[in-house]
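Text of the file query.cif, holding mmCIF, C-alpha atoms:
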data_query
#
loop_
_atom_site.label_atom_id
_atom_site.label_comp_id
_atom_site.auth_asym_id
_atom_site.auth_seq_id
_atom_site.Cartn_x
_atom_site.Cartn_y
_atom_site.Cartn_z
CA MET A 25 181.19 165.85 106.64
CA GLU A 26 178.34 164.13 108.46
CA GLU A 27 175.94 166.78 107.39
CA THR A 28 176.84 166.33 103.74
CA ASN A 29 176.52 162.56 104.13
CA LEU A 30 173.13 162.97 105.68
CA SER A 31 171.98 165.28 102.94
CA ASN A 32 173.26 162.82 100.34
CA GLN A 33 171.30 160.02 101.97
CA GLY A 34 168.30 162.26 102.09
CA SER A 35 168.47 163.03 98.39
CA GLN A 36 168.98 159.35 97.59
CA GLN A 37 165.94 158.43 99.61
CA GLN A 38 163.96 161.07 97.87
CA GLY A 39 165.13 159.67 94.54
CA GLN A 40 164.07 156.18 95.57
CA ASN A 41 160.66 157.46 96.54
CA ILE A 42 160.30 159.12 93.17
CA ASN A 43 161.44 155.92 91.55
CA GLN A 44 158.89 153.88 93.47
CA GLN A 45 156.19 156.29 92.50
CA PHE A 46 156.94 156.46 88.84
CA GLY A 47 158.57 153.08 88.25
CA ASN A 48 160.88 152.50 85.36
CA GLN A 49 158.99 154.72 83.00
CA PHE A 50 160.64 157.75 84.53
CA GLY A 51 163.39 158.33 81.98
CA GLN A 52 166.06 155.91 83.10
CA ILE A 53 169.13 155.68 80.90
CA PRO A 54 171.72 152.89 80.70
CA VAL A 55 174.95 153.31 82.65
CA PRO A 56 177.58 154.81 80.33
CA ASN A 57 179.95 152.27 78.77
CA SER A 58 178.16 149.26 80.31
CA ALA A 59 178.01 147.42 76.98
CA ALA A 60 181.59 148.37 76.16
CA VAL A 61 182.79 147.03 79.51
CA LEU A 62 181.03 143.72 78.93
CA VAL A 63 182.44 143.34 75.40
CA LEU A 64 185.97 144.34 76.44
CA GLY A 65 185.83 142.07 79.47
CA ILE A 66 185.00 139.11 77.28
CA LEU A 67 187.55 140.10 74.63
CA SER A 68 190.19 140.13 77.35
CA ILE A 69 190.10 136.33 77.51
CA VAL A 70 189.33 135.75 73.85
CA LEU A 71 192.47 137.66 72.92
CA CYS A 72 194.61 135.85 75.48
CA VAL A 73 196.39 134.44 72.43
CA CYS A 74 199.78 135.97 71.65
CA ALA A 75 200.92 135.43 75.24
CA GLY A 76 198.18 137.52 76.77
CA ILE A 77 199.42 140.99 75.84
CA VAL A 78 196.29 141.99 73.92
CA GLY A 79 194.06 140.44 76.55
CA LEU A 80 195.89 142.30 79.28
CA VAL A 81 195.37 145.64 77.53
CA CYS A 82 191.67 144.94 76.92
CA GLY A 83 191.14 143.81 80.50
CA ILE A 84 192.79 146.88 81.98
CA ILE A 85 190.82 149.25 79.73
CA ALA A 86 187.61 147.44 80.74
CA LEU A 87 188.51 147.71 84.44
CA VAL A 88 189.20 151.44 84.21
CA LEU A 89 185.96 152.07 82.31
CA ALA A 90 184.03 149.90 84.78
CA ASN A 91 185.37 151.77 87.79
CA LYS A 92 184.50 155.13 86.23
CA ALA A 93 180.99 153.95 85.33
CA MET A 94 180.50 152.50 88.84
CA ALA A 95 181.37 155.88 90.32
CA VAL A 96 178.89 157.59 88.02
CA TYR A 97 176.22 155.04 88.93
CA LYS A 98 176.76 155.42 92.67
CA ILE A 99 176.21 159.18 92.56
CA ASN A 100 172.68 158.69 91.34
CA PRO A 101 171.60 155.02 91.09
CA ASN A 102 167.99 155.76 90.26
CA SER A 103 168.60 157.43 86.94
CA PHE A 104 170.13 154.30 85.38
CA THR A 105 168.55 151.04 84.27
CA THR A 106 169.13 147.89 86.33
CA SER A 107 169.94 145.76 83.31
CA SER A 108 172.81 148.01 82.28
CA TYR A 109 174.15 147.99 85.85
CA ASN A 110 174.02 144.18 85.85
CA ASN A 111 175.88 144.23 82.53
CA LEU A 112 178.45 146.48 84.10
CA LYS A 113 178.94 144.20 87.11
CA ALA A 114 179.23 141.11 84.89
CA GLY A 115 181.66 142.90 82.61
CA LYS A 116 183.78 143.93 85.57
CA VAL A 117 184.01 140.34 86.84
CA CYS A 118 184.92 139.15 83.33
CA ALA A 119 187.55 141.86 83.05
CA ILE A 120 189.09 140.92 86.40
CA ILE A 121 189.26 137.24 85.45
CA GLY A 122 190.61 138.08 82.00
CA THR A 123 193.27 140.40 83.35
CA ILE A 124 194.44 137.90 85.96
CA LEU A 125 194.58 134.97 83.51
CA SER A 126 196.24 137.06 80.79
CA SER A 127 198.90 138.29 83.19
CA LEU A 128 199.50 134.70 84.37
CA TYR A 129 200.00 133.56 80.77
CA PHE A 130 202.22 136.56 80.12
CA ILE A 131 204.42 135.94 83.17
CA TYR A 132 204.62 132.23 82.38
CA TYR A 133 205.79 132.90 78.81
CA ILE A 134 208.35 135.44 79.93
CA ILE A 135 209.78 132.94 82.43
CA ILE A 136 209.88 130.20 79.77
CA LEU A 137 211.53 132.50 77.23
CA VAL A 138 214.13 133.62 79.76
CA VAL A 139 214.92 130.02 80.72
CA VAL A 140 215.09 128.88 77.08
CA GLY A 141 217.19 131.90 76.16
CA ALA A 142 219.61 131.33 79.04
CA THR A 143 220.04 127.67 78.13
CA ALA A 144 220.46 128.43 74.45
CA SER A 145 223.05 131.14 75.04
CA SER A 146 225.04 129.01 77.47
CA MET A 147 225.34 126.18 74.94
CA PRO A 148 228.83 125.80 73.44
CA TRP A 149 227.67 126.68 69.92
CA ASP A 150 231.20 127.22 68.52
CA GLN A 151 232.31 123.73 69.43
CA LEU A 152 229.05 122.24 68.19
CA MET A 153 229.39 124.03 64.83
CA LYS A 154 232.88 122.62 64.26
CA HIS A 155 231.66 119.04 64.44
CA MET B 17 183.21 126.28 52.99
CA VAL B 18 185.07 123.82 55.24
CA ASN B 19 187.65 123.16 52.53
CA TRP B 20 188.17 126.86 52.02
CA LEU B 21 188.66 127.29 55.76
CA GLU B 22 191.14 124.43 55.87
CA GLN B 23 193.23 126.06 53.17
CA HIS B 24 193.13 129.49 54.80
CA LEU B 25 194.10 128.81 58.40
CA PHE B 26 195.78 131.64 60.28
CA THR B 27 199.03 130.57 61.79
CA CYS B 28 199.30 131.70 65.38
CA PHE B 29 201.72 134.63 65.56
CA PHE B 30 203.11 133.38 68.83
CA LYS B 31 203.55 129.79 67.70
CA SER B 32 205.27 130.76 64.46
CA HIS B 33 207.73 133.06 66.23
CA PHE B 34 208.50 131.22 69.46
CA GLY B 35 207.48 127.67 68.68
CA MET B 36 205.23 127.36 71.71
CA GLU B 37 201.49 126.97 71.69
CA CYS B 38 199.43 129.81 73.12
CA PRO B 39 196.27 129.16 75.18
CA GLY B 40 194.06 129.74 72.13
CA CYS B 41 195.93 127.44 69.76
CA GLY B 42 193.80 124.71 68.23
CA MET B 43 190.60 126.70 68.13
CA GLN B 44 190.46 126.91 64.34
CA ARG B 45 191.12 123.19 63.95
CA ALA B 46 188.42 122.59 66.56
CA LEU B 47 186.01 124.81 64.61
CA ILE B 48 186.69 122.93 61.38
CA ALA B 49 186.22 119.59 63.15
CA LEU B 50 182.95 120.89 64.60
CA LEU B 51 181.74 122.04 61.18
CA LYS B 52 182.50 118.56 59.86
CA GLY B 53 180.39 117.19 62.71
CA ASP B 54 183.27 115.52 64.51
CA LEU B 55 182.64 116.36 68.15
CA THR B 56 185.42 114.27 69.73
CA ASP B 57 188.07 115.73 67.44
CA SER B 58 186.77 119.20 68.14
CA LEU B 59 187.04 118.65 71.90
CA LYS B 60 190.51 117.20 71.44
CA TYR B 61 191.80 120.22 69.54
CA HIS B 62 190.27 122.81 71.84
CA ALA B 63 187.85 121.84 74.60
CA ALA B 64 186.59 125.38 75.21
CA LEU B 65 185.31 126.07 71.69
CA ILE B 66 181.66 125.18 72.34
CA PRO B 67 181.27 127.26 75.54
CA PHE B 68 183.19 130.01 73.75
CA ILE B 69 180.68 130.06 70.88
CA LEU B 70 177.84 130.02 73.43
CA THR B 71 179.44 132.98 75.23
CA ILE B 72 179.70 135.04 72.05
CA VAL B 73 176.11 134.20 71.06
CA ALA B 74 174.87 135.07 74.57
CA LEU B 75 176.83 138.33 74.50
CA LEU B 76 175.33 139.37 71.15
CA ILE B 77 171.81 138.48 72.31
CA GLN B 78 172.35 140.38 75.56
CA LEU B 79 173.58 143.45 73.69
CA ILE B 80 170.37 143.42 71.64
CA ILE B 81 167.63 142.50 74.15
CA LYS B 82 169.33 143.88 77.33
CA HIS B 83 167.64 141.49 79.76
CA HIS B 84 168.36 142.22 83.42
CA LEU B 85 169.65 138.67 84.05
CA GLY B 86 171.50 138.35 80.74
CA GLY B 87 174.71 139.81 82.10
CA LYS B 88 174.94 137.03 84.67
CA VAL B 89 174.42 134.33 82.02
CA VAL B 90 177.20 135.82 79.89
CA MET B 91 179.44 136.08 82.95
CA TRP B 92 179.01 132.44 83.97
CA LEU B 93 179.52 131.22 80.40
CA PHE B 94 182.66 133.36 80.31
CA ILE B 95 183.91 131.84 83.58
CA LEU B 96 183.24 128.35 82.18
CA THR B 97 185.14 129.13 78.97
CA SER B 98 188.11 130.71 80.69
CA SER B 99 188.44 127.97 83.30
CA ILE B 100 188.32 125.22 80.64
CA THR B 101 190.94 127.10 78.60
CA PHE B 102 193.14 127.53 81.65
CA ILE B 103 192.93 123.86 82.72
CA GLN B 104 193.58 122.72 79.17
CA PHE B 105 196.57 125.05 78.95
CA ILE B 106 198.07 123.67 82.17
CA VAL B 107 197.50 120.07 81.07
CA ARG B 108 199.16 120.77 77.73
CA GLN B 109 202.18 122.35 79.35
CA ILE B 110 202.53 119.37 81.72
CA ILE B 111 202.35 116.98 78.75
CA LEU B 112 204.86 119.13 76.86
CA PHE B 113 207.46 119.08 79.63
CA SER B 114 207.01 115.55 80.91
#
Please express the file's structure as structure tokens.
Amino acid sequence: MEETNLSNQGSQQQGQNINQQFGNQFGQIPVPNSAAVLVLGILSIVLCVCAGIVGLVCGIIALVLANKAMAVYKINPNSFTTSSYNNLKAGKVCAIIGTILSSLYFIYYIIILVVVGATASSMPWDQLMKH
Amino acid sequence: MVNWLEQHLFTCFFKSHFGMECPGCGMQRALIALLKGDLTDSLKYHAALIPFILTIVALLIQLIIKHHLGGKVVMWLFILTSSITFIQFIVRQIILFS
């Protein structure tokens, strides 16, 4: 295990050296899905309407994509642009906030609906209708 | 344009089915008030509309120019928007049930 770790570190260091030598001109590509994560993360709060269901779905998709992209980035950080990684990080934070808020709204509405439903069904409707 | 918008408002799916306002309710009215130039009314209908518009504009700009600090700007605008929406939502619920 340690040997593989060491060799990984070694290759990373080598990559950094190459990066320092050649700068950003050395064929860096954006992290996959970084823009999509940012957009979905922001949509997750925009679509918090309708009791947060749509926002919840968007937020979870964004989180999954972000985690995958993070893993890809960490294997070889030097081959991706910094701006796209920053986008990815920002999108992940947005997605986390959006998911939490959407789920709060969702839970709140479910509680309210259950309470309202329980009160409405326990009302003596038959007697009220006769009057 | 504003008149056309006023006649073609979407009714919130949630509000029309359950009779309760969702966190985004009031945004269209706020937009119309803003287009009329009435800032106080706009803030009254939905306080988070202006930061929301700024967030969307910042997001579109960031997707085009891809600046390395742009993501942070979008993120903080997003946090501002969502926190204002959340506080407004809580305040409205307290008013509703008090």
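In terms of minimum interatomic distance to Ser127 in chain A, A:Leu80 ranks closest within A:Leu152, A:Leu87, A:Ile53, A:Leu80, counting all atoms listed in the file.
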Given the file above and the PyMOL selection byres ((chain B and resi 45) around 12), which residues are selected, and can you give them as a ChimeraX atom specification?
-> /B:18-19,21-28,40-44,46-52,54-55,57-63,65
Proximal residues of chain B relative to chain A (only C-alpha atoms; 9 Å) as a PDB file with C-alpha atoms, in the coordinates of the input:
ATOM      1  CA  CYS B  28     199.300 131.700  65.380  1.00  0.00           C
ATOM      2  CA  PHE B  29     201.720 134.630  65.560  1.00  0.00           C
ATOM      3  CA  PHE B  30     203.110 133.380  68.830  1.00  0.00           C
ATOM      4  CA  LYS B  31     203.550 129.790  67.700  1.00  0.00           C
ATOM      5  CA  PHE B  34     208.500 131.220  69.460  1.00  0.00           C
ATOM      6  CA  CYS B  38     199.430 129.810  73.120  1.00  0.00           C
ATOM      7  CA  PRO B  39     196.270 129.160  75.180  1.00  0.00           C
ATOM      8  CA  GLY B  40     194.060 129.740  72.130  1.00  0.00           C
ATOM      9  CA  CYS B  41     195.930 127.440  69.760  1.00  0.00           C
ATOM     10  CA  PHE B  68     183.190 130.010  73.750  1.00  0.00           C
ATOM     11  CA  THR B  71     179.440 132.980  75.230  1.00  0.00           C
ATOM     12  CA  ILE B  72     179.700 135.040  72.050  1.00  0.00           C
ATOM     13  CA  LEU B  75     176.830 138.330  74.500  1.00  0.00           C
ATOM     14  CA  GLN B  78     172.350 140.380  75.560  1.00  0.00           C
ATOM     15  CA  LEU B  79     173.580 143.450  73.690  1.00  0.00           C
ATOM     16  CA  LYS B  82     169.330 143.880  77.330  1.00  0.00           C
ATOM     17  CA  HIS B  83     167.640 141.490  79.760  1.00  0.00           C
ATOM     18  CA  HIS B  84     168.360 142.220  83.420  1.00  0.00           C
ATOM     19  CA  LEU B  85     169.650 138.670  84.050  1.00  0.00           C
ATOM     20  CA  GLY B  86     171.500 138.350  80.740  1.00  0.00           C
ATOM     21  CA  GLY B  87     174.710 139.810  82.100  1.00  0.00           C
ATOM     22  CA  LYS B  88     174.940 137.030  84.670  1.00  0.00           C
ATOM     23  CA  VAL B  89     174.420 134.330  82.020  1.00  0.00           C
ATOM     24  CA  VAL B  90     177.200 135.820  79.890  1.00  0.00           C
ATOM     25  CA  MET B  91     179.440 136.080  82.950  1.00  0.00           C
ATOM     26  CA  TRP B  92     179.010 132.440  83.970  1.00  0.00           C
ATOM     27  CA  PHE B  94     182.660 133.360  80.310  1.00  0.00           C
ATOM     28  CA  ILE B  95     183.910 131.840  83.580  1.00  0.00           C
ATOM     29  CA  THR B  97     185.140 129.130  78.970  1.00  0.00           C
ATOM     30  CA  SER B  98     188.110 130.710  80.690  1.00  0.00           C
ATOM     31  CA  PHE B 102     193.140 127.530  81.650  1.00  0.00           C
TER      32      PHE B 102
END
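As for CA of Ile100 in chain B and CA of Ala64 in chain B, they are spaced 5.7 Å apart.
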In Å to one decimal, how far is CA of Leu96 in chain B from CA of Pro67 in chain B?
-> 7.0 Å
Gap from CA of Ser99 in chain B to CA of Ile124 in chain A - Å, one decimal | 11.9 Å
Enclose all atoms of range 68-86 of chain B listed in the file in an axis-aligned box, grow every side by 3 Å, and hand back centre and edge lengths in Å to one decimal, as AutoDock Vina command-line options.
--center_x 175.4 --center_y 136.9 --center_z 77.5 --size_x 21.6 --size_y 19.9 --size_z 19.2
What residues come out when you apply the PyMOL selection byres ((chain A and resi 84) around 9) to this file, written as a list in words?
-> Gly65, Ser68, Gly79, Leu80, Val81, Cys82, Gly83, Ile85, Ala86, Leu87, Val88, Leu89, Ala119, Ile120 and Thr123 of chain A
Those same residues - C-alpha atoms - I'd like them written as an mmCIF file, in the frame of the given file.
data_model
loop_
_atom_site.group_PDB
_atom_site.id
_atom_site.type_symbol
_atom_site.label_atom_id
_atom_site.label_comp_id
_atom_site.auth_asym_id
_atom_site.auth_seq_id
_atom_site.Cartn_x
_atom_site.Cartn_y
_atom_site.Cartn_z
ATOM 1 C CA GLY A 65 185.830 142.070 79.470
ATOM 2 C CA SER A 68 190.190 140.130 77.350
ATOM 3 C CA GLY A 79 194.060 140.440 76.550
ATOM 4 C CA LEU A 80 195.890 142.300 79.280
ATOM 5 C CA VAL A 81 195.370 145.640 77.530
ATOM 6 C CA CYS A 82 191.670 144.940 76.920
ATOM 7 C CA GLY A 83 191.140 143.810 80.500
ATOM 8 C CA ILE A 85 190.820 149.250 79.730
ATOM 9 C CA ALA A 86 187.610 147.440 80.740
ATOM 10 C CA LEU A 87 188.510 147.710 84.440
ATOM 11 C CA VAL A 88 189.200 151.440 84.210
ATOM 12 C CA LEU A 89 185.960 152.070 82.310
ATOM 13 C CA ALA A 119 187.550 141.860 83.050
ATOM 14 C CA ILE A 120 189.090 140.920 86.400
ATOM 15 C CA THR A 123 193.270 140.400 83.350
#
Since the input lacks some atoms of range 60-94 of chain B, please model N, CA and C atoms and print them as a PDB file, in the coordinates of the input.
ATOM      1  N   LYS B  60     189.098 117.510  71.287  1.00  0.00           N
ATOM      2  CA  LYS B  60     190.510 117.200  71.440  1.00  0.00           C
ATOM      3  C   LYS B  60     191.388 118.390  71.059  1.00  0.00           C
ATOM      4  N   TYR B  61     190.996 119.085  69.983  1.00  0.00           N
ATOM      5  CA  TYR B  61     191.800 120.220  69.540  1.00  0.00           C
ATOM      6  C   TYR B  61     191.672 121.392  70.507  1.00  0.00           C
ATOM      7  N   HIS B  62     190.456 121.735  70.875  1.00  0.00           N
ATOM      8  CA  HIS B  62     190.270 122.810  71.840  1.00  0.00           C
ATOM      9  C   HIS B  62     188.949 122.585  72.568  1.00  0.00           C
ATOM     10  N   ALA B  63     189.044 122.243  73.864  1.00  0.00           N
ATOM     11  CA  ALA B  63     187.850 121.840  74.600  1.00  0.00           C
ATOM     12  C   ALA B  63     186.893 122.998  74.857  1.00  0.00           C
ATOM     13  N   ALA B  64     187.415 124.236  74.801  1.00  0.00           N
ATOM     14  CA  ALA B  64     186.590 125.380  75.210  1.00  0.00           C
ATOM     15  C   ALA B  64     185.865 126.025  74.044  1.00  0.00           C
ATOM     16  N   LEU B  65     185.905 125.405  72.853  1.00  0.00           N
ATOM     17  CA  LEU B  65     185.310 126.070  71.690  1.00  0.00           C
ATOM     18  C   LEU B  65     183.800 126.213  71.833  1.00  0.00           C
ATOM     19  N   ILE B  66     183.133 125.148  72.302  1.00  0.00           N
ATOM     20  CA  ILE B  66     181.660 125.180  72.340  1.00  0.00           C
ATOM     21  C   ILE B  66     181.155 126.196  73.375  1.00  0.00           C
ATOM     22  N   PRO B  67     181.672 126.178  74.626  1.00  0.00           N
ATOM     23  CA  PRO B  67     181.270 127.260  75.540  1.00  0.00           C
ATOM     24  C   PRO B  67     181.664 128.647  75.056  1.00  0.00           C
ATOM     25  N   PHE B  68     182.763 128.713  74.295  1.00  0.00           N
ATOM     26  CA  PHE B  68     183.190 130.010  73.750  1.00  0.00           C
ATOM     27  C   PHE B  68     182.156 130.537  72.754  1.00  0.00           C
ATOM     28  N   ILE B  69     181.696 129.640  71.855  1.00  0.00           N
ATOM     29  CA  ILE B  69     180.680 130.060  70.880  1.00  0.00           C
ATOM     30  C   ILE B  69     179.405 130.473  71.613  1.00  0.00           C
ATOM     31  N   LEU B  70     179.039 129.683  72.642  1.00  0.00           N
ATOM     32  CA  LEU B  70     177.840 130.020  73.430  1.00  0.00           C
ATOM     33  C   LEU B  70     177.995 131.392  74.086  1.00  0.00           C
ATOM     34  N   THR B  71     179.207 131.673  74.597  1.00  0.00           N
ATOM     35  CA  THR B  71     179.440 132.980  75.230  1.00  0.00           C
ATOM     36  C   THR B  71     179.229 134.115  74.255  1.00  0.00           C
ATOM     37  N   ILE B  72     179.805 133.968  73.044  1.00  0.00           N
ATOM     38  CA  ILE B  72     179.700 135.040  72.050  1.00  0.00           C
ATOM     39  C   ILE B  72     178.237 135.235  71.649  1.00  0.00           C
ATOM     40  N   VAL B  73     177.515 134.102  71.444  1.00  0.00           N
ATOM     41  CA  VAL B  73     176.110 134.200  71.060  1.00  0.00           C
ATOM     42  C   VAL B  73     175.312 134.888  72.171  1.00  0.00           C
ATOM     43  N   ALA B  74     175.573 134.473  73.437  1.00  0.00           N
ATOM     44  CA  ALA B  74     174.870 135.070  74.570  1.00  0.00           C
ATOM     45  C   ALA B  74     175.171 136.556  74.687  1.00  0.00           C
ATOM     46  N   LEU B  75     176.431 136.914  74.426  1.00  0.00           N
ATOM     47  CA  LEU B  75     176.830 138.330  74.500  1.00  0.00           C
ATOM     48  C   LEU B  75     176.072 139.153  73.459  1.00  0.00           C
ATOM     49  N   LEU B  76     176.012 138.626  72.208  1.00  0.00           N
ATOM     50  CA  LEU B  76     175.330 139.370  71.150  1.00  0.00           C
ATOM     51  C   LEU B  76     173.843 139.516  71.470  1.00  0.00           C
ATOM     52  N   ILE B  77     173.231 138.414  71.960  1.00  0.00           N
ATOM     53  CA  ILE B  77     171.810 138.480  72.310  1.00  0.00           C
ATOM     54  C   ILE B  77     171.589 139.492  73.419  1.00  0.00           C
ATOM     55  N   GLN B  78     172.491 139.461  74.423  1.00  0.00           N
ATOM     56  CA  GLN B  78     172.350 140.380  75.560  1.00  0.00           C
ATOM     57  C   GLN B  78     172.494 141.830  75.119  1.00  0.00           C
ATOM     58  N   LEU B  79     173.396 142.076  74.155  1.00  0.00           N
ATOM     59  CA  LEU B  79     173.580 143.450  73.690  1.00  0.00           C
ATOM     60  C   LEU B  79     172.337 143.945  72.949  1.00  0.00           C
ATOM     61  N   ILE B  80     171.570 143.001  72.375  1.00  0.00           N
ATOM     62  CA  ILE B  80     170.370 143.420  71.640  1.00  0.00           C
ATOM     63  C   ILE B  80     169.174 143.548  72.577  1.00  0.00           C
ATOM     64  N   ILE B  81     168.883 142.458  73.370  1.00  0.00           N
ATOM     65  CA  ILE B  81     167.630 142.500  74.150  1.00  0.00           C
ATOM     66  C   ILE B  81     167.806 143.167  75.513  1.00  0.00           C
ATOM     67  N   LYS B  82     169.054 143.209  76.051  1.00  0.00           N
ATOM     68  CA  LYS B  82     169.330 143.880  77.330  1.00  0.00           C
ATOM     69  C   LYS B  82     168.452 143.390  78.481  1.00  0.00           C
ATOM     70  N   HIS B  83     168.409 142.064  78.650  1.00  0.00           N
ATOM     71  CA  HIS B  83     167.640 141.490  79.760  1.00  0.00           C
ATOM     72  C   HIS B  83     168.409 141.712  81.067  1.00  0.00           C
ATOM     73  N   HIS B  84     167.659 141.857  82.183  1.00  0.00           N
ATOM     74  CA  HIS B  84     168.360 142.220  83.420  1.00  0.00           C
ATOM     75  C   HIS B  84     169.146 141.061  84.020  1.00  0.00           C
ATOM     76  N   LEU B  85     168.864 139.801  83.571  1.00  0.00           N
ATOM     77  CA  LEU B  85     169.650 138.670  84.050  1.00  0.00           C
ATOM     78  C   LEU B  85     170.667 138.203  83.019  1.00  0.00           C
ATOM     79  N   GLY B  86     170.631 138.806  81.821  1.00  0.00           N
ATOM     80  CA  GLY B  86     171.500 138.350  80.740  1.00  0.00           C
ATOM     81  C   GLY B  86     172.974 138.497  81.045  1.00  0.00           C
ATOM     82  N   GLY B  87     173.311 139.586  81.760  1.00  0.00           N
ATOM     83  CA  GLY B  87     174.710 139.810  82.100  1.00  0.00           C
ATOM     84  C   GLY B  87     175.287 138.672  82.903  1.00  0.00           C
ATOM     85  N   LYS B  88     174.470 138.138  83.841  1.00  0.00           N
ATOM     86  CA  LYS B  88     174.940 137.030  84.670  1.00  0.00           C
ATOM     87  C   LYS B  88     175.179 135.783  83.836  1.00  0.00           C
ATOM     88  N   VAL B  89     174.269 135.513  82.886  1.00  0.00           N
ATOM     89  CA  VAL B  89     174.420 134.330  82.020  1.00  0.00           C
ATOM     90  C   VAL B  89     175.732 134.428  81.260  1.00  0.00           C
ATOM     91  N   VAL B  90     175.961 135.619  80.655  1.00  0.00           N
ATOM     92  CA  VAL B  90     177.200 135.820  79.890  1.00  0.00           C
ATOM     93  C   VAL B  90     178.407 135.632  80.793  1.00  0.00           C
ATOM     94  N   MET B  91     178.311 136.164  82.032  1.00  0.00           N
ATOM     95  CA  MET B  91     179.440 136.080  82.950  1.00  0.00           C
ATOM     96  C   MET B  91     179.770 134.629  83.294  1.00  0.00           C
ATOM     97  N   TRP B  92     178.733 133.826  83.591  1.00  0.00           N
ATOM     98  CA  TRP B  92     179.010 132.440  83.970  1.00  0.00           C
ATOM     99  C   TRP B  92     179.533 131.645  82.792  1.00  0.00           C
ATOM    100  N   LEU B  93     178.989 131.895  81.585  1.00  0.00           N
ATOM    101  CA  LEU B  93     179.520 131.220  80.400  1.00  0.00           C
ATOM    102  C   LEU B  93     180.985 131.594  80.198  1.00  0.00           C
ATOM    103  N   PHE B  94     181.279 132.877  80.446  1.00  0.00           N
ATOM    104  CA  PHE B  94     182.660 133.360  80.310  1.00  0.00           C
ATOM    105  C   PHE B  94     183.572 132.652  81.303  1.00  0.00           C
TER     106      PHE B  94
END
